[in-house]
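Colleague: Below are the structure tokens for one structure; questions will follow.
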Amino acid sequence: MGEEVLNSFFLIFTGAAIIASLALWGKQPLLVAYIALGALLGPSGLGMVGDIQLLADISTIGIIFLLFLLGLDMQPQALLSVLKKVTHVTLASSLLFAVVGYAIGHFFGFGHVENLIIGAAMMFSSTIIGIKLLPTTILHHRHVGEMMVGMLLMQDFIAILVLTVLLSGKEGQVDLARIGQTLVALPLLVVFCIFFVRHILLKLFTRFDRFGEYVFLLAIGWCMGVAEIAKLVGLSHEIGAFLAGITIATSPISQYIALSLKPLRDFFLIMFFFSLGAQFNLDLLPEIAVPAVLLGAAMLVLKPLVFHFLLRKQSERNWLAWDMSFRLGQISEFSLLIAFVAFQANLIGTLASHLIQAAAILTFLVSSYIVVFSFPNPIAVSDKLRRD
């Protein structure tokens with residue numbers, strides 16, 4: 001077993017280093033490269049990696065860290081001021097995209113619950129393409145950056161709510177009793193986290209902040225500890241990690257923690273996207289090709305048009321509205337996570353899960369090309385568009 005895991009790690013990270021280099025050279029999102037590598041080396045491809053389930057189980061730690069860091073980035077005061085500007089646009093667009101996703105799923109004969117989840121997966125835009133392809137000067141000092149961060153954060157909050165519902169799913173149906181338990185346990189856990197952070201955790205950080213190793217260890221312990229408590233009270237590890245992050249977001253040390261944990265998060269996320277690709281059954285492509293292309297194309301066309309219309313209604317300038325609209329004109333990484341969680345909860349079948357994944361990958365590729373070749377970004381081929 002040990003030799004097999006070591007060999008799998010070699011294939012994953014050496015292969016990821018090679019294919020990531022090719023992806024960056026070709027101006028492609030890295031997560032697409034990791035998924036492609038998983039599909040190539042997994043059981044449906046060359047079959048070089050055996051125990052995919054073990055790797056998938058290990059990689060879920062990356063999702064826990066992802067949500068912990070997402071919570072760390074959500075400064076409550078700044079979040080409230082930005083959300084006032086983007087709430088209408090985000091909610092209206094998310095609802096419309098969900099309806100379109102549901103309708104396309106229904107047209108191709110998927111079940112009601114599957115269509116709801118397909119629709120939910122269409123609501124979000126990619127942070128990787130939306131933020132990573134935005135020049136740093138615009139991100140930190142311009143109205144575009146403020147608006148995009150606000151909309152993406154609002155979408156992230158909606159995604160957390162969706163995941164909360166999905167994680168209450170059991171054996172192919174949504175467990176209403178467990179959702180009720182979640183609604184009771186969630187505020188109690190929030191109160192506990194706030195009390196513990198204020199009276200214990202922040203005092204420990206303040207007293208021993210000179211010891212970087214201790215700060216790193218305490219942050220991981222807090223993240224995993226709250227994640228485990230959340231699981232014990234009927235929530236989930238992911239929700240617990242998010243609460244652990246957001247309750248220390250106002251601390252001055254939060255950004256140091258975020259920077260310290262990002263490499264660890266990336267390590268596990270590479271494994272997550274690799275295992276996602278490895279579990280992708282290439283034999284199903286003929287069955288999902290048409291609905292995936294239609295679903296992806298619908299999002300690529302509708303998202304820029306809808307965002308542009310709503311932003312113009314909000315008195316944004318025409319060129320600014322188009323800029324933001326195309327940068328947000330794709331499906332999100334969260335859609336892949338929703339597909340994964342819903343499949344694990346037996347709420348959707350293999351075809352529906354693969355449909356969401358294929359449509360998301362298609363929009364990642366096409367949208368990244370549109371942004372790279374049409375709008376200012378750090379990796380533009382044209383000198384005229386390249387902005388750091």
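Residues in the structure tokens are numbered from 1 in each chain, the chains being A, B, ... in the order shown, and ligands are numbered from 1 in the order shown.
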Might you pull out every residue within 6 Å of stretch 227-241 of chain A, with only C-alpha atoms counted and same-chain residues fewer than 2 positions away left off, and present them as a PDB file with N, CA and C atoms, in the first residue's frame?
Modeller:
```pdb
ATOM      1  N   ILE A  64     -11.386  21.396   2.778  1.00  0.00           N
ATOM      2  CA  ILE A  64     -11.508  21.968   4.121  1.00  0.00           C
ATOM      3  C   ILE A  64     -10.658  23.225   4.238  1.00  0.00           C
ATOM      4  N   LEU A  67     -12.138  26.224   2.168  1.00  0.00           N
ATOM      5  CA  LEU A  67     -13.233  26.937   2.814  1.00  0.00           C
ATOM      6  C   LEU A  67     -12.750  27.704   4.045  1.00  0.00           C
ATOM      7  N   PHE A  68     -11.731  27.196   4.728  1.00  0.00           N
ATOM      8  CA  PHE A  68     -11.131  27.934   5.841  1.00  0.00           C
ATOM      9  C   PHE A  68     -10.533  29.247   5.345  1.00  0.00           C
ATOM     10  N   THR A 182     -29.383  21.199  11.155  1.00  0.00           N
ATOM     11  CA  THR A 182     -28.340  22.134  10.726  1.00  0.00           C
ATOM     12  C   THR A 182     -28.681  23.558  11.151  1.00  0.00           C
ATOM     13  N   CYS A 223      -8.674  25.152  12.596  1.00  0.00           N
ATOM     14  CA  CYS A 223      -9.439  24.771  11.404  1.00  0.00           C
ATOM     15  C   CYS A 223      -9.964  23.343  11.512  1.00  0.00           C
ATOM     16  N   MET A 224      -9.067  22.390  11.784  1.00  0.00           N
ATOM     17  CA  MET A 224      -9.468  20.985  11.824  1.00  0.00           C
ATOM     18  C   MET A 224     -10.326  20.685  13.052  1.00  0.00           C
ATOM     19  N   GLY A 225     -10.053  21.394  14.174  1.00  0.00           N
ATOM     20  CA  GLY A 225     -10.842  21.175  15.387  1.00  0.00           C
ATOM     21  C   GLY A 225     -12.297  21.572  15.206  1.00  0.00           C
ATOM     22  N   LEU A 243     -16.574  28.361   9.092  1.00  0.00           N
ATOM     23  CA  LEU A 243     -16.843  29.133  10.309  1.00  0.00           C
ATOM     24  C   LEU A 243     -15.551  29.434  11.067  1.00  0.00           C
ATOM     25  N   ALA A 244     -14.634  28.468  11.085  1.00  0.00           N
ATOM     26  CA  ALA A 244     -13.347  28.685  11.751  1.00  0.00           C
ATOM     27  C   ALA A 244     -12.600  29.843  11.109  1.00  0.00           C
TER      28      ALA A 244
END
```
Colleague: Write out as an MDAnalysis selection string which residues come within 10 Å of A:Ala359 when counting only C-alpha atoms, dropping same-chain ones fewer than 2 positions away.
Modeller: chainID A and resid 122 288:289 291:299 330:331 335:336 354:357 361:364
Colleague: Applying 12 Å and only C-alpha atoms, which residues near A:Ala92 remain after dropping the ones on its own chain fewer than 6 positions away? List them as a CSV table (one decimal) with N, CA and C atoms, in the first residue's frame.
Modeller:
```
chain,number,residue,atom,x,y,z
A,86,VAL,N,-23.8,44.9,-4.9
A,86,VAL,CA,-23.8,43.8,-5.9
A,86,VAL,C,-25.0,42.8,-5.6
A,98,ALA,N,-29.7,29.5,-12.8
A,98,ALA,CA,-30.2,28.3,-12.2
A,98,ALA,C,-31.4,27.8,-13.0
A,99,VAL,N,-32.3,28.7,-13.4
A,99,VAL,CA,-33.5,28.3,-14.1
A,99,VAL,C,-33.1,27.7,-15.5
A,123,MET,N,-25.0,28.7,-11.2
A,123,MET,CA,-25.2,30.0,-10.6
A,123,MET,C,-23.9,30.8,-10.5
A,151,MET,N,-19.2,40.5,-6.1
A,151,MET,CA,-20.1,39.6,-6.7
A,151,MET,C,-19.6,38.1,-6.5
A,154,MET,N,-20.3,37.2,-2.9
A,154,MET,CA,-21.7,37.0,-2.7
A,154,MET,C,-22.1,35.6,-3.3
A,155,GLN,N,-21.5,35.2,-4.4
A,155,GLN,CA,-21.7,33.9,-5.0
A,155,GLN,C,-21.1,32.8,-4.1
A,303,LYS,N,-24.3,34.4,-19.7
A,303,LYS,CA,-23.7,35.1,-18.6
A,303,LYS,C,-23.2,36.5,-19.0
A,306,VAL,N,-26.4,38.7,-19.6
A,306,VAL,CA,-27.2,38.9,-18.4
A,306,VAL,C,-26.5,39.9,-17.5
A,307,PHE,N,-25.2,39.6,-17.2
A,307,PHE,CA,-24.4,40.5,-16.3
A,307,PHE,C,-24.3,41.9,-16.9
A,309,PHE,N,-26.5,43.4,-18.9
A,309,PHE,CA,-27.8,44.0,-18.8
A,309,PHE,C,-28.1,44.5,-17.4
A,310,LEU,N,-27.8,43.7,-16.4
A,310,LEU,CA,-28.0,44.1,-15.0
A,310,LEU,C,-27.1,45.2,-14.5
A,311,LEU,N,-25.8,45.1,-15.0
A,311,LEU,CA,-24.9,46.2,-14.6
A,311,LEU,C,-25.2,47.5,-15.2
```
Colleague: Looking at only C-alpha atoms, which of A:Leu285, A:Leu351, A:Leu305, A:Leu70 is the one that sits closest to A:Phe157?
Modeller: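 Between A:Leu285, A:Leu351, A:Leu305, A:Leu70, the residue approaching A:Phe157 most closely is A:Leu70.
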Colleague: Kindly give the distance, in Å, that separates atom CA of A:Ile117 and atom CA of A:Val190, rounded to a single decimal.
Modeller: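 These atoms are spaced 27.0 Å apart.
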Colleague: Please measure the separation of atom CA of A:Phe340 and atom CA of A:Phe267, giving the value in Å to one decimal.
Modeller: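 Calculated distance between atom CA of A:Phe340 and atom CA of A:Phe267 is 18.7 Å.
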Colleague: Got a sec: who's within 12 Å of A:Val32, counting only C-alpha atoms, leaving out chain neighbours fewer than 2 positions off, as a PyMOL selection string?
Modeller: chain A and resi 16+19-20+22-24+26-30+34-39+128-129+270+272-274+276-277+332-333+336+357-366+368
Colleague: Produce a file of the selected residues containing C-alpha atoms, as a PDB file, in the first residue's frame.
Modeller:
```pdb
ATOM      1  CA  ALA A  16       1.177  18.032 -12.631  1.00  0.00           C
ATOM      2  CA  ILE A  19       1.287  19.573 -17.563  1.00  0.00           C
ATOM      3  CA  ALA A  20       1.010  22.825 -15.548  1.00  0.00           C
ATOM      4  CA  LEU A  22       2.301  23.313 -20.740  1.00  0.00           C
ATOM      5  CA  ALA A  23      -0.977  24.853 -19.502  1.00  0.00           C
ATOM      6  CA  LEU A  24       0.692  28.126 -18.521  1.00  0.00           C
ATOM      7  CA  GLY A  26      -0.839  27.720 -23.594  1.00  0.00           C
ATOM      8  CA  LYS A  27      -2.614  30.295 -21.357  1.00  0.00           C
ATOM      9  CA  GLN A  28      -4.923  27.661 -19.826  1.00  0.00           C
ATOM     10  CA  PRO A  29      -6.342  27.453 -16.258  1.00  0.00           C
ATOM     11  CA  LEU A  30      -4.208  25.136 -14.130  1.00  0.00           C
ATOM     12  CA  TYR A  34      -4.923  18.816 -13.240  1.00  0.00           C
ATOM     13  CA  ILE A  35      -8.314  17.359 -14.217  1.00  0.00           C
ATOM     14  CA  ALA A  36      -6.959  16.396 -17.650  1.00  0.00           C
ATOM     15  CA  LEU A  37      -3.958  14.688 -16.026  1.00  0.00           C
ATOM     16  CA  GLY A  38      -6.300  12.712 -13.753  1.00  0.00           C
ATOM     17  CA  ALA A  39      -8.412  11.596 -16.725  1.00  0.00           C
ATOM     18  CA  ILE A 128      -9.675  31.758 -10.972  1.00  0.00           C
ATOM     19  CA  ILE A 129     -10.651  33.394 -14.255  1.00  0.00           C
ATOM     20  CA  ILE A 270      -4.013  19.477  -6.824  1.00  0.00           C
ATOM     21  CA  PHE A 272      -8.580  16.902  -5.438  1.00  0.00           C
ATOM     22  CA  PHE A 273      -8.749  18.042  -9.058  1.00  0.00           C
ATOM     23  CA  PHE A 274      -6.549  15.127 -10.136  1.00  0.00           C
ATOM     24  CA  LEU A 276     -11.860  14.406  -9.930  1.00  0.00           C
ATOM     25  CA  GLY A 277     -10.379  13.866 -13.393  1.00  0.00           C
ATOM     26  CA  SER A 332     -17.198  28.044 -11.313  1.00  0.00           C
ATOM     27  CA  GLU A 333     -14.788  25.705  -9.540  1.00  0.00           C
ATOM     28  CA  LEU A 336     -17.184  20.972  -9.586  1.00  0.00           C
ATOM     29  CA  GLN A 357     -17.944  18.694 -14.848  1.00  0.00           C
ATOM     30  CA  ALA A 358     -17.736  18.607 -18.653  1.00  0.00           C
ATOM     31  CA  ALA A 359     -19.733  21.827 -19.052  1.00  0.00           C
ATOM     32  CA  ALA A 360     -17.578  23.575 -16.432  1.00  0.00           C
ATOM     33  CA  ILE A 361     -14.310  22.530 -18.106  1.00  0.00           C
ATOM     34  CA  LEU A 362     -15.620  23.682 -21.487  1.00  0.00           C
ATOM     35  CA  THR A 363     -16.482  27.133 -20.124  1.00  0.00           C
ATOM     36  CA  PHE A 364     -13.107  27.397 -18.342  1.00  0.00           C
ATOM     37  CA  LEU A 365     -11.286  26.853 -21.628  1.00  0.00           C
ATOM     38  CA  VAL A 366     -13.410  29.109 -23.848  1.00  0.00           C
ATOM     39  CA  SER A 368     -10.109  32.031 -20.454  1.00  0.00           C
TER      40      SER A 368
END
```
Colleague: Could you check which of A:Thr350, A:Trp25, A:Leu6, A:His88 is closest to A:Leu282, using only C-alpha atoms?
Modeller: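 Nearest to A:Leu282: A:Thr350.
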Colleague: Counting only C-alpha atoms, which of A:Leu347, A:Pro43, A:Ser325, A:Gly212 gets nearest to A:Arg312?
Modeller: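 That would be A:Ser325, the residue with the smallest distance to A:Arg312.
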Colleague: Mind the document's chain letters and residue numbers, and return as an MDAnalysis selection string the residues of stretch 309-356 of chain A that DSSP labels helix (DSSP H, G or I).
Modeller: chainID A and resid 309:313 318:327 333:344 350:356
Colleague: Restricting the calculation to only C-alpha atoms: of A:Met271, A:Ile63, A:Ala278, A:Val371, which residue gets closest to A:Leu41?
Modeller: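 So, comparing all the options, the nearest one is A:Ala278.
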Colleague: A:Thr90, A:Leu337, A:Ile61, A:Ile18: which is nearest A:Leu264, counting only C-alpha atoms?
Modeller: A:Ile61
Colleague: Pick out the closest residue to A:Ala219 from this set: A:Leu69, A:Arg327, A:Arg198, A:Phe124. Count only C-alpha atoms.
Modeller: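 When distances to A:Ala219 are compared using only C-alpha atoms, the smallest one comes from A:Leu69.
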Colleague: For A:Glu114, work out the shell of residues within 9 Å, counting only C-alpha atoms and skipping chain neighbours fewer than 2 positions away, then give it as a PyMOL selection string.
Modeller: chain A and resi 102+105-106+110-112+116-119+342+347-349+352-353
Colleague: How would the residues just chosen look if you wrote them out with C-alpha atoms as an mmCIF file, in the first residue's frame?
Modeller:
```cif
data_model
loop_
_atom_site.group_PDB
_atom_site.id
_atom_site.type_symbol
_atom_site.label_atom_id
_atom_site.label_comp_id
_atom_site.auth_asym_id
_atom_site.auth_seq_id
_atom_site.Cartn_x
_atom_site.Cartn_y
_atom_site.Cartn_z
ATOM 1 C CA TYR A 102 -32.711 23.302 -14.674
ATOM 2 C CA GLY A 105 -31.320 19.274 -17.587
ATOM 3 C CA HIS A 106 -35.086 18.696 -17.823
ATOM 4 C CA PHE A 110 -32.667 14.199 -15.881
ATOM 5 C CA GLY A 111 -34.663 13.891 -12.660
ATOM 6 C CA HIS A 112 -36.083 16.795 -10.647
ATOM 7 C CA LEU A 116 -32.069 21.431 -9.245
ATOM 8 C CA ILE A 117 -28.411 20.620 -8.627
ATOM 9 C CA ILE A 118 -27.459 21.201 -12.271
ATOM 10 C CA GLY A 119 -29.189 24.575 -12.002
ATOM 11 C CA ALA A 342 -24.030 15.838 -4.588
ATOM 12 C CA LEU A 347 -28.424 13.062 -4.896
ATOM 13 C CA ILE A 348 -27.303 12.888 -8.533
ATOM 14 C CA GLY A 349 -26.189 10.061 -10.771
ATOM 15 C CA ALA A 352 -25.477 14.360 -14.142
ATOM 16 C CA SER A 353 -22.189 14.689 -12.258
#
```
